[in-house]
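Reviewing the structure listed below.
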Amino acid sequence: MQQADFLKIVGPFQDKLFRLAKRLLVSREEAEDATQEILLKLWAKNKSIEQYKSVEAFAMTMTKNFCLDRLKSKQAGNLKLVHTNYEEKGSLLQKKIEANDSVKWVQKIMEDLPEQQKMVLQLRDVEEYDYDEIANMLEMKPTAVRVALSRARKTVRDKLIKKHSYGIG
Amino acid sequence: MELDKIERLLEKYFEADTTVAEEKLLQRYFSKDDIPENLQQYVALFKFMDNAKEERFSKEVVLEPETRGAGNSLYKWMSIAAAVMLMFGVYLGKNYYDEKELEQQQALYAYNETKKALDMLSHNMERGTEKIGYLNEFVVAKEKIYNKK
């Protein structure tokens, strides 16, 4: 496979890989490194890539596993990212995104969710995959995906309502 | 009536019973400006999800196709060649060693055979000389007879 063909395959979903990585790793730089690594890994096996039914789903699963490994080794090395004082030095767009205070709050709530719920929420509410696709990517049962999703959405809702009523009161 | 529908959809949304299309509907609804007070708390949630879609991977990924691939395969072939050469070398070495061994064995056999033949020769020779001893006896006896005369 030529470089151009590979980029054509990977192009439509590389942002999704990045967003999933960022959801898990939080830091933009780390997510970029992770995405790069995954793309290189995919490229390295570009001969066998065609045998996968969906390269996208395969890449998503790779991203999931890669990031979870990263997190695990980080925890083991006692180098856990401190989310609260992590400062995003992103683009103009980033500032626009986070301009809204309560949107920022959602971000914080999401960071406190368990990894699996983070991923499910990300893949459903941001990437709009259906349950079977998510189940396939995360190597879960579709029913488990639904349960995790419902739980995640409710957690976010409850915390938002709490915050909202504090804001008013 | 729209509000009613949205509230019902929200309920389904939190039970994870909505379809992707219904979720898009909610997304669109909450991106509007005039959200009733009782739904205000959900605005941030949908806005967050909406914003999150905008995030882009901006890092340039350098794929090194030919050089990396070729380097890899060259290295692979070199190691295969080296392994083959090594095995061939061992095989030849073993052959050579076996040949030497065989030669030595043959030499030893030839030596032993020769020794055996020589031993037999000397043994027979001894027997010959023994018999010649009797001839000597004859000469001695003859001398005696002559001397008596």
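By convention here, the chains of the structure tokens are called A, B, ... in the order presented, each chain's residues are numbered starting at 1, and ligands are numbered starting at 1 in the order presented.
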Open item on the list: Using only C-alpha atoms, I'd like every residue of chain B that has an atom within 12 Å of chain A; please write them out as JSON, numbers by chain.
Closed with: {"B": [10, 11, 12, 13, 14, 15, 16, 17, 18, 19, 20, 21, 22, 23, 24, 26, 27, 37, 38, 39, 40, 41, 42, 43, 44, 45, 46, 47, 48, 49, 50, 51, 52, 53, 54, 55, 56, 57, 58, 59, 60, 61, 62, 63, 64, 65, 66, 68, 69, 72]}
Open item on the list: Please report the interatomic distance between atom CA of A:Ala57 and atom CA of A:Met110 in Å with one decimal.
Closed with: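 About the pair atom CA of A:Ala57 and atom CA of A:Met110: they are 22.9 Å apart.
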Task: Residues of chain B in alpha helix (DSSP H), written as a ChimeraX atom specification - done: /B:2-14,20-30,40-52,66-148
Task: Option closest in space to A:Lys72, from A:Glu115, A:Leu138, A:Glu30, A:Leu20 [counting only C-alpha atoms] - done: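 The shortest atom-to-atom distance to A:Lys72 comes from A:Glu115.
Here atom CA of B:Leu74 stands at a distance of 26.4 Å from atom CA of B:Leu92.
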TODO: State, in Å with one decimal place, the distance from atom CA of A:Pro12 to atom CA of A:Phe58.
DONE: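 Spanning atom CA of A:Pro12 to atom CA of A:Phe58 is a straight-line distance of 13.9 Å.
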